[in-house]
Amino acid sequence: MKFKVAVQTEEIGITGKECTLAVIIEGLSRKHSIFHILPEGLFLSGNVVRAKAQEITLENGKIKNKGEIKDINISELDAYLIRQNPPFNRQYLTISYFLERISKTVLVINKPGAIRNNPEKILPVEVEKFIPPTVITSDTNTVTDFLEEHKEIVLKPLYHFGGNDIHHINSSSKNLSVLIKNLKKQYGSYIVAQRYLKEVREGDKRILLIDGEIAGAYMRVPPEGQVQANIVRGGKLKETELTTRDREICMALKPFLKKEDIIICGIDVIGGYLTEINTTSPSGFDPIFQLYGYKAEKKLWDIIEKRIKDI
């Protein structure tokens, strides 16, 4: 069967959207109708969720063009993929409310409520024994006490992505209060402090989970002297193997992911510790293909097709 599927994301083809592009191309290769919707293109008209959308076409395995912009009724689609980058801000929150209205008849991945209720840097506490010592706070004194206890820590904004403004702090660092103030001013009141994991110099392991199952993994190795291993921050891709500890983390998460119906998930592991769980627009498809020649997006579409039939 052929289905009508929308993909909500930023402009296709920009840097950082390669994984979403891989998912779109796989869907088109299966002859499904794929519609591109910009985040700002979704709207509520009375009681109907609608969007400004463009249908995408494929030629010789590559996206050819997008058709004219049309006003479509989202409830007439079979599936809706949210591939919009974080942060989860008011726009993202509003979109989740809109999509929740149609999620009983249209397969929405990931579920709007699941994304909304499980912030990526808070969600790891669900499996606390696998995370490094962590505090999420807006209080400078709490961070100061945490630094005094652990000597070396990492600070990062609670609601952002891509390795933006991650800071490695030690006991000799100066102007901690100014740094915290600036992070809170730019990204919101809460920040994350975690014990520094020296293994980050060897790489940050991304494990892609699809429907709770391991679909692939790779290392992102940071540039010399840096702690940000994200590819958009200059990190390099490297093949990896899963350890027993990695598999234990994935098994511990699986029941929760199933319960919340989080179909696509990317987890970050450093030195055997879970640091983040990405549920909004997790990457992984393109790097896994680059390193291993395996298209994890095929597994995703197998699940999408099955789930649509089950609705």
# chains A, B, ... in the order shown; residues from 1 in each chain; ligands from 1
$ select_by_dssp --residues "range 12-41 of chain A" --states "helix (DSSP H, G or I)" --output "list of chain:residue names"
A:Glu18, A:Cys19, A:Thr20, A:Leu21, A:Ala22, A:Val23, A:Ile24, A:Ile25, A:Glu26, A:Gly27, A:Leu28, A:Ser29, A:Pro39, A:Glu40, A:Gly41
$ residues_around --residues "Gly188 in chain A" --least-positions-apart "4" --cutoff "8 Å" --atoms "only C-alpha atoms" --output "NGL selection string"
:A and (157-159 or 183-184)
$ select_by_dssp --residues "range 116-243 of chain A" --states "strand (DSSP E)" --output "count of residues only"
38
$ closest_residue --among "A:Glu26, A:Glu40, A:Asp310, A:Asp78" --to "Gly61 in chain A" --atoms "only C-alpha atoms"
A:Glu26
$ residues_around --residues "Asp261 in chain A" --least-positions-apart "4" --cutoff "9 Å" --atoms "only C-alpha atoms" --output "list in words"
Ile109, Asn110, Lys111, Ala114, Asp211, Phe256 and Leu257 of chain A
$ closest_residue --among "A:Lys198, A:Lys70, A:Lys299, A:Arg101" --to "Ala215 in chain A" --atoms "only C-alpha atoms"
A:Lys299
$ atom_distance --atom1 "CA of Asn65 in chain A" --atom2 "CA of Leu42 in chain A"
20.7 Å
$ residues_around --residues "Val5 in chain A" --least-positions-apart "4" --cutoff "6 Å" --atoms "only C-alpha atoms" --output "CSV table (one decimal) with C-alpha atoms, in the first residue's frame"
chain,number,residue,atom,x,y,z
A,34,ILE,CA,5.8,12.8,0.9
A,77,LEU,CA,-2.6,12.0,6.0
A,78,ASP,CA,-1.6,8.5,7.1
A,79,ALA,CA,1.5,9.6,9.0
A,80,TYR,CA,3.3,12.7,10.2
$ residues_around --residues "Ser103 in chain A" --least-positions-apart "4" --cutoff "9 Å" --atoms "only C-alpha atoms" --output "mmCIF file with C-alpha atoms, in the first residue's frame"
data_model
loop_
_atom_site.group_PDB
_atom_site.id
_atom_site.type_symbol
_atom_site.label_atom_id
_atom_site.label_comp_id
_atom_site.auth_asym_id
_atom_site.auth_seq_id
_atom_site.Cartn_x
_atom_site.Cartn_y
_atom_site.Cartn_z
ATOM 1 C CA SER A 75 -6.190 14.484 9.327
ATOM 2 C CA TYR A 80 3.337 12.704 10.249
ATOM 3 C CA LEU A 99 -0.699 17.388 16.424
ATOM 4 C CA LEU A 107 0.482 8.123 13.073
ATOM 5 C CA VAL A 108 2.637 10.901 14.562
ATOM 6 C CA LYS A 111 4.150 11.227 19.747
ATOM 7 C CA PRO A 112 3.625 14.931 20.549
#
$ decode --residues "range 127-235 of chain A" --atoms "C-alpha atoms" --output "PDB file, in the first residue's frame"
ATOM      1  CA  VAL A 127      17.571   5.203  34.358  1.00  0.00           C
ATOM      2  CA  GLU A 128      19.507   7.059  37.039  1.00  0.00           C
ATOM      3  CA  LYS A 129      22.026   4.316  37.760  1.00  0.00           C
ATOM      4  CA  PHE A 130      23.454   4.732  34.247  1.00  0.00           C
ATOM      5  CA  ILE A 131      23.959   8.511  34.296  1.00  0.00           C
ATOM      6  CA  PRO A 132      26.903  10.508  35.679  1.00  0.00           C
ATOM      7  CA  PRO A 133      26.294  12.687  38.752  1.00  0.00           C
ATOM      8  CA  THR A 134      23.996  15.429  37.460  1.00  0.00           C
ATOM      9  CA  VAL A 135      22.142  18.483  38.708  1.00  0.00           C
ATOM     10  CA  ILE A 136      19.664  20.581  36.748  1.00  0.00           C
ATOM     11  CA  THR A 137      19.258  23.924  38.430  1.00  0.00           C
ATOM     12  CA  SER A 138      18.902  27.680  38.116  1.00  0.00           C
ATOM     13  CA  ASP A 139      20.804  28.337  41.343  1.00  0.00           C
ATOM     14  CA  THR A 140      24.448  29.407  41.091  1.00  0.00           C
ATOM     15  CA  ASN A 141      25.283  28.164  44.589  1.00  0.00           C
ATOM     16  CA  THR A 142      24.061  24.668  43.700  1.00  0.00           C
ATOM     17  CA  VAL A 143      26.451  24.588  40.738  1.00  0.00           C
ATOM     18  CA  THR A 144      29.289  25.924  42.903  1.00  0.00           C
ATOM     19  CA  ASP A 145      28.715  23.180  45.467  1.00  0.00           C
ATOM     20  CA  PHE A 146      28.547  20.583  42.703  1.00  0.00           C
ATOM     21  CA  LEU A 147      31.867  21.780  41.278  1.00  0.00           C
ATOM     22  CA  GLU A 148      33.462  21.684  44.728  1.00  0.00           C
ATOM     23  CA  GLU A 149      32.338  18.075  45.129  1.00  0.00           C
ATOM     24  CA  HIS A 150      33.372  16.765  41.691  1.00  0.00           C
ATOM     25  CA  LYS A 151      36.332  19.093  40.857  1.00  0.00           C
ATOM     26  CA  GLU A 152      35.661  18.918  37.105  1.00  0.00           C
ATOM     27  CA  ILE A 153      32.231  19.403  35.562  1.00  0.00           C
ATOM     28  CA  VAL A 154      30.483  20.194  32.290  1.00  0.00           C
ATOM     29  CA  LEU A 155      27.879  22.965  32.026  1.00  0.00           C
ATOM     30  CA  LYS A 156      25.321  23.110  29.216  1.00  0.00           C
ATOM     31  CA  PRO A 157      21.963  24.766  28.548  1.00  0.00           C
ATOM     32  CA  LEU A 158      18.959  22.578  29.387  1.00  0.00           C
ATOM     33  CA  TYR A 159      17.000  23.342  26.229  1.00  0.00           C
ATOM     34  CA  HIS A 160      19.383  23.362  23.286  1.00  0.00           C
ATOM     35  CA  PHE A 161      21.151  21.010  20.908  1.00  0.00           C
ATOM     36  CA  GLY A 162      24.152  20.477  18.663  1.00  0.00           C
ATOM     37  CA  GLY A 163      26.777  20.954  21.357  1.00  0.00           C
ATOM     38  CA  ASN A 164      26.040  24.664  21.695  1.00  0.00           C
ATOM     39  CA  ASP A 165      27.638  26.350  24.704  1.00  0.00           C
ATOM     40  CA  ILE A 166      28.984  23.251  26.435  1.00  0.00           C
ATOM     41  CA  HIS A 167      31.663  24.324  28.921  1.00  0.00           C
ATOM     42  CA  HIS A 168      34.331  22.255  30.684  1.00  0.00           C
ATOM     43  CA  ILE A 169      34.901  23.748  34.146  1.00  0.00           C
ATOM     44  CA  ASN A 170      37.408  22.848  36.850  1.00  0.00           C
ATOM     45  CA  SER A 171      38.179  24.153  40.324  1.00  0.00           C
ATOM     46  CA  SER A 172      40.599  26.744  38.976  1.00  0.00           C
ATOM     47  CA  SER A 173      38.098  28.189  36.494  1.00  0.00           C
ATOM     48  CA  LYS A 174      37.228  31.828  37.071  1.00  0.00           C
ATOM     49  CA  ASN A 175      34.042  33.821  36.557  1.00  0.00           C
ATOM     50  CA  LEU A 176      31.772  30.786  37.054  1.00  0.00           C
ATOM     51  CA  SER A 177      28.926  32.999  38.223  1.00  0.00           C
ATOM     52  CA  VAL A 178      29.243  35.166  35.094  1.00  0.00           C
ATOM     53  CA  LEU A 179      29.178  32.071  32.847  1.00  0.00           C
ATOM     54  CA  ILE A 180      26.081  30.740  34.591  1.00  0.00           C
ATOM     55  CA  LYS A 181      24.405  34.133  34.341  1.00  0.00           C
ATOM     56  CA  ASN A 182      25.113  34.313  30.606  1.00  0.00           C
ATOM     57  CA  LEU A 183      23.849  30.762  29.979  1.00  0.00           C
ATOM     58  CA  LYS A 184      20.644  31.485  31.866  1.00  0.00           C
ATOM     59  CA  LYS A 185      20.143  34.765  30.041  1.00  0.00           C
ATOM     60  CA  GLN A 186      20.645  33.251  26.591  1.00  0.00           C
ATOM     61  CA  TYR A 187      18.929  29.873  26.967  1.00  0.00           C
ATOM     62  CA  GLY A 188      16.534  30.144  29.912  1.00  0.00           C
ATOM     63  CA  SER A 189      16.773  29.854  33.650  1.00  0.00           C
ATOM     64  CA  TYR A 190      17.814  26.192  34.008  1.00  0.00           C
ATOM     65  CA  ILE A 191      21.206  24.704  33.182  1.00  0.00           C
ATOM     66  CA  VAL A 192      22.662  21.190  33.396  1.00  0.00           C
ATOM     67  CA  ALA A 193      25.804  20.406  35.385  1.00  0.00           C
ATOM     68  CA  GLN A 194      27.353  16.962  35.032  1.00  0.00           C
ATOM     69  CA  ARG A 195      30.538  15.424  36.357  1.00  0.00           C
ATOM     70  CA  TYR A 196      33.172  15.700  33.647  1.00  0.00           C
ATOM     71  CA  LEU A 197      33.857  12.398  31.899  1.00  0.00           C
ATOM     72  CA  LYS A 198      37.425  12.283  30.625  1.00  0.00           C
ATOM     73  CA  GLU A 199      36.433   9.558  28.164  1.00  0.00           C
ATOM     74  CA  VAL A 200      34.764  12.265  26.043  1.00  0.00           C
ATOM     75  CA  ARG A 201      38.221  12.872  24.539  1.00  0.00           C
ATOM     76  CA  GLU A 202      37.901   9.421  22.962  1.00  0.00           C
ATOM     77  CA  GLY A 203      34.421  10.164  21.680  1.00  0.00           C
ATOM     78  CA  ASP A 204      30.722  10.458  22.336  1.00  0.00           C
ATOM     79  CA  LYS A 205      28.870   7.290  21.294  1.00  0.00           C
ATOM     80  CA  ARG A 206      25.507   7.793  19.555  1.00  0.00           C
ATOM     81  CA  ILE A 207      23.221   4.759  19.610  1.00  0.00           C
ATOM     82  CA  LEU A 208      20.162   4.938  17.368  1.00  0.00           C
ATOM     83  CA  LEU A 209      17.107   3.118  18.695  1.00  0.00           C
ATOM     84  CA  ILE A 210      14.093   2.404  16.503  1.00  0.00           C
ATOM     85  CA  ASP A 211      10.994   1.083  18.233  1.00  0.00           C
ATOM     86  CA  GLY A 212      13.160   0.308  21.257  1.00  0.00           C
ATOM     87  CA  GLU A 213      15.652  -1.801  19.295  1.00  0.00           C
ATOM     88  CA  ILE A 214      19.273  -0.959  18.479  1.00  0.00           C
ATOM     89  CA  ALA A 215      19.499   0.157  14.848  1.00  0.00           C
ATOM     90  CA  GLY A 216      23.152   1.217  14.795  1.00  0.00           C
ATOM     91  CA  ALA A 217      25.877   3.099  16.638  1.00  0.00           C
ATOM     92  CA  TYR A 218      28.907   5.257  15.945  1.00  0.00           C
ATOM     93  CA  MET A 219      31.421   7.486  17.703  1.00  0.00           C
ATOM     94  CA  ARG A 220      31.691  11.238  17.362  1.00  0.00           C
ATOM     95  CA  VAL A 221      35.248  12.233  18.232  1.00  0.00           C
ATOM     96  CA  PRO A 222      35.760  15.864  19.297  1.00  0.00           C
ATOM     97  CA  PRO A 223      38.494  18.092  17.893  1.00  0.00           C
ATOM     98  CA  GLU A 224      41.715  18.190  19.907  1.00  0.00           C
ATOM     99  CA  GLY A 225      41.207  19.948  23.227  1.00  0.00           C
ATOM    100  CA  GLN A 226      37.419  20.173  22.871  1.00  0.00           C
ATOM    101  CA  VAL A 227      34.510  18.477  24.676  1.00  0.00           C
ATOM    102  CA  GLN A 228      31.902  19.056  21.966  1.00  0.00           C
ATOM    103  CA  ALA A 229      31.866  15.967  19.755  1.00  0.00           C
ATOM    104  CA  ASN A 230      28.834  16.888  17.634  1.00  0.00           C
ATOM    105  CA  ILE A 231      29.485  16.678  13.899  1.00  0.00           C
ATOM    106  CA  VAL A 232      28.243  20.252  13.389  1.00  0.00           C
ATOM    107  CA  ARG A 233      30.900  21.316  15.933  1.00  0.00           C
ATOM    108  CA  GLY A 234      33.746  19.668  14.050  1.00  0.00           C
ATOM    109  CA  GLY A 235      33.487  16.163  15.495  1.00  0.00           C
TER     110      GLY A 235
END
